[in-house]
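Single-structure report; data block below.
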Amino acid sequence: MKKILQDSRGPLTAKRFFRLRQMLLLALSIGIVLISPYLQQQVVKAQSGLPSRVATGNLWQEASFPVENFETYTSAFGPRGGDFHYGLDLAAPEGSYIRNWWGGQIVEVWEDGRCGTGMVVRSGNWEHIYCHLRGRVLTANGGRYYTDREGGLQIWQGQTVPAGARIARVGMTGRTSGPHLHWGLKYGGRWVDPALVLREMYSQQS
Ligand SMILES: [Zn+2]
């Protein structure tokens, strides 16, 4: 009886065993391909706070606190009055200089009703946003630039700026009830709480 069964299924030769293994591997790899976008999503979701890759080492040594004459934090990153506040508000007397947090390129300067006179600097995967600036945005020679004549500033869209450079001054443009810098941060296109970055900077600089 045993012999007959074995005959009908055929002997388990090395060739047959190999085919079985291949099928298994194929099924496994298809499974991995199918679930990998889901896994990636989970990994991204799990990144609470700072991406660990950038939160390690002494990366923040040259980073600059973004405003002079800092007084106090007036509004944190997070939910605010049924809305979400995508930045940190740093109060300082009107006209105080704003310092570029991290060396990079001015990717945009603009004026709107909410941010007021604003500026975005890109540094690798980071984007730092500055709002309610004193001064205006003008165009000349096919380019755009931020200007604050009293502050002695003229910053062109596209120019590079080192860390710590005075790039603007605190103003009252846009929607604001008092002079402050609204400072926003994005890493890889996702908003990051600037307070986490400041905490990291100070733990390494002190
Ligand atoms: Zn704000």
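By order of appearance in the structure tokens: chains A, B, ..., then residues from 1 within every chain, and ligands from 1 in the order shown.
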Subject >> Polymer residues at most 10 Å from Arg190 (chain A), only C-alpha atoms, same-chain spacing of 6 or more positions, as a ChimeraX atom specification >> reply: /A:125-127
Using only C-alpha atoms and all ligand atoms, find each protein or nucleic acid residue lying at most 12 Å from ligand 1; present the set as a short mmCIF file (atom, residue, chain, number, x, y, z; two decimals) with C-alpha atoms, in the first residue's frame.
```
data_model
loop_
_atom_site.label_atom_id
_atom_site.label_comp_id
_atom_site.auth_asym_id
_atom_site.auth_seq_id
_atom_site.Cartn_x
_atom_site.Cartn_y
_atom_site.Cartn_z
CA TYR A 73 6.78 81.58 23.39
CA THR A 74 3.26 82.82 22.77
CA SER A 75 1.74 79.89 20.90
CA ALA A 76 2.88 76.28 20.62
CA PHE A 77 2.73 73.87 17.69
CA GLY A 78 -0.52 71.91 17.78
CA PRO A 79 -4.31 72.23 17.87
CA ARG A 80 -5.50 75.77 18.47
CA ASP A 83 -7.61 74.72 13.92
CA PHE A 84 -4.02 73.52 13.85
CA HIS A 85 -1.08 75.83 14.45
CA TYR A 86 1.75 74.60 12.20
CA GLY A 87 4.55 76.45 13.90
CA LEU A 88 5.90 78.02 17.04
CA ASP A 89 5.35 81.68 17.91
CA LEU A 90 8.33 83.52 19.36
CA ALA A 91 7.56 86.97 20.73
CA ARG A 114 -2.30 85.23 6.85
CA CYS A 115 1.49 84.80 7.07
CA GLY A 116 1.97 88.39 6.00
CA GLY A 118 6.95 85.48 4.57
CA ILE A 129 9.26 79.15 7.30
CA TYR A 130 9.29 82.68 8.70
CA CYS A 131 6.07 84.76 8.95
CA HIS A 132 4.83 88.24 9.94
CA LEU A 133 8.09 89.85 8.80
CA MET A 172 3.22 92.75 12.37
CA THR A 173 2.27 91.78 8.80
CA GLY A 174 -0.50 89.24 8.18
CA ARG A 175 -2.80 87.89 10.87
CA THR A 176 -1.17 88.69 14.20
CA SER A 177 -2.13 90.47 17.37
CA GLY A 178 1.40 91.34 18.44
CA PRO A 179 4.97 91.37 17.16
CA HIS A 180 6.33 87.84 16.97
CA LEU A 181 8.04 85.43 14.63
CA HIS A 182 5.88 82.55 13.49
CA TRP A 183 8.45 79.84 12.83
CA GLY A 184 7.47 76.71 10.91
CA LEU A 185 9.56 73.62 10.15
CA ASP A 193 7.22 70.75 16.04
CA PRO A 194 9.97 73.43 16.18
#
```
Original post:
Which neighbours of region 150-167 of chain A fall inside 6 Å, counting only C-alpha atoms, when residues of the same chain fewer than 4 positions from it are skipped, and could you give them as a PyMOL selection string?
Top reply: chain A and resi 64+98-108+144-146
Subject >> All residues 7 Å or closer to Arg134 (chain A), only C-alpha atoms, same chain fewer than 5 positions away omitted, as a list in words >> reply: Thr117, Asp148, Arg169, Val170, Gly171, Met172 and Thr173 of chain A
